[in-house]
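Notes follow the structure.
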Amino acid sequence: MADDGYRTALDGFIADLNRVWRAVGGPSYAQLEHLSVQVLRQRRSGEVRFVALAPSTTSEILSGRRKQPLKWPWVLTFLTVLRIAAQRGAIDAAVIGTIDEWKRKHEAVLAAGRAPLRPAGAAVAVAGQRKHASHEFIGVTGPTPALALPQELQPGLPQGLRRVTAGNAQESEADDLLGAFLTLLRRSVAPQWWHSYRDIAPEWLDLYLNLESGTEFIRTYETGVIPGLLQAEAYAQAVMAQCRPDATAAELTRLVELRMQRRCLHRYRQSCVLWAIVEEAAFHNRRIDARTMRAQVGHLIDMVEDPNVALQVVPAGAGDAPTLSEPMTIFRFPERYLGDVVCLEQLDRAFFLHERKDTEHYNQLFSSLTVKALPPDVTRSVLRRIQEEI
Amino acid sequence: MRDDQSYEWDTAEKDLLGEIDTTVPVSARIWNYWMGGKDYFQVDKEAGERFLALYPGIADLASAGRLFIVRTVTYLVREAGIRQFLDIGTGLPAKDNTHEVAQRIAADSHVVYVDKDPLVLAHARALLTGTPPGTTDYIEADLNRPEEIVRIARGMLDFSQPVAVMLMSVLGHIGDPGENDDEFTRSVVGQLRDALPAGSYLALHESANTAPAHNEAIRIYNQSGAVPYRLRSVRQIVRLFDGLEVLGPGIVPIQEWRPDELSAVLPRDIDAWGGVAVKR
């Protein structure tokens, strides 16, 4: 397999993938992933047509670091997703070519891998071709690919994404693009009640809570837990203890208190609508004891009676029902001139997006989830069933 | 695995994005854009902008259409005593949706929302919810098959009591806009009318072909890939009320229909006509 002819053919193929990726504007790897995961919900039984495009895999493949043969479903998913990205960016997708062409190219690479004893002449011919290609795309493939990518296209960091981590980063963010939001949103929340929790809460929570207090419409998608605003106290304690194993008992108590205060405030502000979509897996979290979970489901059954709360559960399906890899929350504001802000939470950090092209992408994802998840009235009866089963 | 040779991009994209097609503009999302909402995608904004450039009056028409809904529902609940609504062609949630207007006046009003767009219906199910639950219902169905709507609605509404059917700027979407399908459209309205008990109402408005710029904007719009819309002459709109008794002030430009202080902020001459009629 490590034969030169194969490597050359593979490099040429990868250069072609890079060419079309760049030609459609170089969509971020995270964006490609989000587009790709939707397909898994559409998968017909027994067919392996599409796969999720994990950003790490995409990065490995496009940078030429991946040595294993590329599988056709990955190639097909990648190209299809590129076409969609191209159309959204009003870029002519014809540059991508036809499925047939790609299928032939891909088979040629596989064939090269299967024929290690090919006469040297053939390999040279392919190598010559390849040399041309590599010259043309120098900087994209090669040993240090990341340097050639603009910052905003780096793997795992969608375009226009603002990264809020810890410490000083927070301060510069506030002065930056999201600063306008903060200024506008602070209009109605003079004393920020959560400031007394700043010592224990993650830095990004400050921005998050600013957004939460200014919003009139929250759409949230969760994969493994019940969304914070819908958590019962005992459940919040259990989840918090898992998330923050480092925290002392006193700190945990305060973290839960903070969450409960958010919940109260949300319910008090009756004008704010919460639309939550939760994967069924969140109800089968084995690390939460049955009693706590039953109480949590009971709490949800009460909550969904509120006309300002809509909850939809995504059924686990045949066992391979895929999920988006991460939760997301979309904040909408009453001011006409303010666009949506999307928050992507990942373990100990969060990304905030506010550029229209990014937020539109997550709006579309949420839209497709609303259609695929069980409707709110069906969810209501599913909650009762889950409560009995726990 | 199916043979990939016969597998085309179009199919691949459809498989990938599921039921939400974000490559063609969608009427409900364009109306949302015109009305200053935020539930539109880039493709809808572009189609909406193109329309506005040719016919700026569409923004006022869109707002006037919403106000017409508010006035007709208010009339039907308050003056006509109606408590059951079949709102066909719901669209995305806006300010003052049918059930909100109706239930503000009479809390026991029951509204059934009907739309064929799964995205619109998902929004309705989550956001157009009455208090207590059960006073709003939802049907995913196509107005091209009215018998199906009636069949499902019978299980939700009491068809021995009057029902108000709302057809707000939706009839232009049905039938085949390439043909003179007035007869088909009238038969759709007729089937709904025939299914309803005496004392039921029809509230309707349609965009009219009364402005050349509007006609041109629609012509371009109908090439965008969105579900086409057909403008009707005033005479054709009037005939949609066949077999019903039209209430005063008649079938008029929608801003002329029982105007209130809210409607005063918009121009009077809107290229959309409508009215309310009762089945005797």
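Following the order of the structure tokens, first chain is A, next is B, and so on, with residues numbered from 1 inside each chain and ligands from 1 in the order they appear.
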
Practice prompt. Considering only C-alpha atoms, return as a PyMOL selection string whatever protein or nucleic-acid residues lie within 9 Å of His99 in chain B, sequence-local ones (same chain, fewer than 5 positions apart) excluded.
Written response: chain B and resi 73+85+104+109-112+128-130+135-136

Discussion item. Taking the DSSP secondary structure from the backbone, can you list the residues of range 129-240 of chain B that are alpha helix (DSSP H), as a PyMOL selection string?
Written reply: chain B and resi 146-154+182-195+212-221+234-239

Restricted to C-alpha atoms, what would the selected residues look like written as an mmCIF file, in the first residue's frame?
```
data_model
loop_
_atom_site.group_PDB
_atom_site.id
_atom_site.type_symbol
_atom_site.label_atom_id
_atom_site.label_comp_id
_atom_site.auth_asym_id
_atom_site.auth_seq_id
_atom_site.Cartn_x
_atom_site.Cartn_y
_atom_site.Cartn_z
ATOM 1 C CA PRO B 146 -59.407 20.037 0.214
ATOM 2 C CA GLU B 147 -61.241 16.777 0.948
ATOM 3 C CA GLU B 148 -58.242 15.641 2.986
ATOM 4 C CA ILE B 149 -58.244 18.861 5.032
ATOM 5 C CA VAL B 150 -61.958 18.509 5.698
ATOM 6 C CA ARG B 151 -61.598 14.860 6.681
ATOM 7 C CA ILE B 152 -58.899 15.601 9.275
ATOM 8 C CA ALA B 153 -60.547 18.831 10.472
ATOM 9 C CA ARG B 154 -63.773 16.933 11.225
ATOM 10 C CA ASP B 182 -60.139 29.499 -11.952
ATOM 11 C CA GLU B 183 -62.565 26.654 -12.218
ATOM 12 C CA PHE B 184 -60.295 24.368 -10.200
ATOM 13 C CA THR B 185 -59.718 27.020 -7.546
ATOM 14 C CA ARG B 186 -63.438 27.741 -7.296
ATOM 15 C CA SER B 187 -64.098 24.032 -6.901
ATOM 16 C CA VAL B 188 -61.603 23.899 -4.009
ATOM 17 C CA VAL B 189 -63.381 26.759 -2.249
ATOM 18 C CA GLY B 190 -66.691 25.100 -3.124
ATOM 19 C CA GLN B 191 -65.695 21.811 -1.498
ATOM 20 C CA LEU B 192 -64.746 23.619 1.710
ATOM 21 C CA ARG B 193 -67.986 25.610 1.594
ATOM 22 C CA ASP B 194 -70.096 22.515 1.046
ATOM 23 C CA ALA B 195 -68.501 20.721 3.992
ATOM 24 C CA PRO B 212 -48.287 46.301 -13.941
ATOM 25 C CA ALA B 213 -45.179 46.400 -11.676
ATOM 26 C CA HIS B 214 -46.788 43.816 -9.389
ATOM 27 C CA ASN B 215 -47.530 41.572 -12.365
ATOM 28 C CA GLU B 216 -43.940 41.834 -13.541
ATOM 29 C CA ALA B 217 -42.522 41.118 -10.064
ATOM 30 C CA ILE B 218 -44.716 38.010 -9.818
ATOM 31 C CA ARG B 219 -43.622 36.884 -13.266
ATOM 32 C CA ILE B 220 -39.956 37.007 -12.191
ATOM 33 C CA TYR B 221 -40.773 35.466 -8.811
ATOM 34 C CA VAL B 234 -60.707 41.639 -9.203
ATOM 35 C CA ARG B 235 -63.507 39.934 -11.094
ATOM 36 C CA GLN B 236 -61.862 36.540 -10.565
ATOM 37 C CA ILE B 237 -61.389 37.236 -6.853
ATOM 38 C CA VAL B 238 -65.038 38.173 -6.515
ATOM 39 C CA ARG B 239 -66.086 34.887 -8.113
#
```

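The residue set within 7 Å of range 328-339 of chain A, counting only C-alpha atoms and dropping same-chain residues fewer than 6 places from it, reads A:Leu211, A:Gly214, A:Thr215, A:Glu216, A:Phe217, A:Ile218, A:Arg219, A:Thr220, A:Tyr221, A:Glu222, A:Glu345, A:His354.
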
Atoms to include: C-alpha atoms. Write the selected residues as an mmCIF file, in the first residue's frame.
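Output below, filename again.cif:
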```
data_model
loop_
_atom_site.group_PDB
_atom_site.id
_atom_site.type_symbol
_atom_site.label_atom_id
_atom_site.label_comp_id
_atom_site.auth_asym_id
_atom_site.auth_seq_id
_atom_site.Cartn_x
_atom_site.Cartn_y
_atom_site.Cartn_z
ATOM 1 C CA LEU A 211 -27.445 37.342 25.831
ATOM 2 C CA GLY A 214 -31.689 40.378 26.474
ATOM 3 C CA THR A 215 -33.308 37.735 24.330
ATOM 4 C CA GLU A 216 -36.989 37.242 23.548
ATOM 5 C CA PHE A 217 -36.616 33.861 21.886
ATOM 6 C CA ILE A 218 -34.227 31.051 22.777
ATOM 7 C CA ARG A 219 -33.869 27.990 20.613
ATOM 8 C CA THR A 220 -31.680 25.307 22.078
ATOM 9 C CA TYR A 221 -30.569 21.841 21.077
ATOM 10 C CA GLU A 222 -29.093 19.412 23.591
ATOM 11 C CA GLU A 345 -20.840 24.992 24.116
ATOM 12 C CA HIS A 354 -23.147 36.421 15.106
#
```

Discussion item. Calculated over only C-alpha atoms, which of the candidates B:Gln161, B:Arg71, B:Leu204, B:Lys279 has the smallest distance to Pro259 in chain B?
Written reply: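 Closest candidate: B:Arg71.
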
Worksheet, complete the sentence: CA of Lys105 in chain A to CA of Phe13 in chain A measures 7.1 Å

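Among the candidates B:Asn32, B:Ser200, B:Thr74, B:Gln42, the one nearest to chain A when counting only C-alpha atoms is B:Gln42.
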
Discussion item. For range 361-366 of chain A, find every residue with an atom within 10 Å (counting only C-alpha atoms), except residues of its own chain fewer than 6 positions away, and show them as a ChimeraX atom specification.
Written reply: /A:31,34-35,37-38,85,88,219-221,276-277,324,328-330,340-344,353,372 /B:17,20-22,39-41

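Residues of range 53-212 of chain B assigned to strand (DSSP E or B) by DSSP on this structure's backbone: Gln84, Phe85, Leu86, Asp87, Ile88, His110, Val111, Val112, Tyr113, Val114, Asp115, Thr136, Asp137, Tyr138, Ile139, Glu140, Ala164, Val165, Met166, Leu167, Met168, Tyr201, Leu202, Ala203, Leu204, His205, Glu206, Ser207 and Ala208 of chain B.
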
Discussion item. To one decimal place in Å, what is the distance between CA of Thr90 in chain B and CA of Pro315 in chain A?
Written reply: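 Distance reported for this atom pair: 27.0 Å.
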
Fill in: Contacts of Gln261 in chain A at 12 Å (only C-alpha atoms; same-chain gap of 3+ positions) as number ranges by chain
A: 193-194, 197, 209, 213, 228-233, 236, 254-258, 264-268
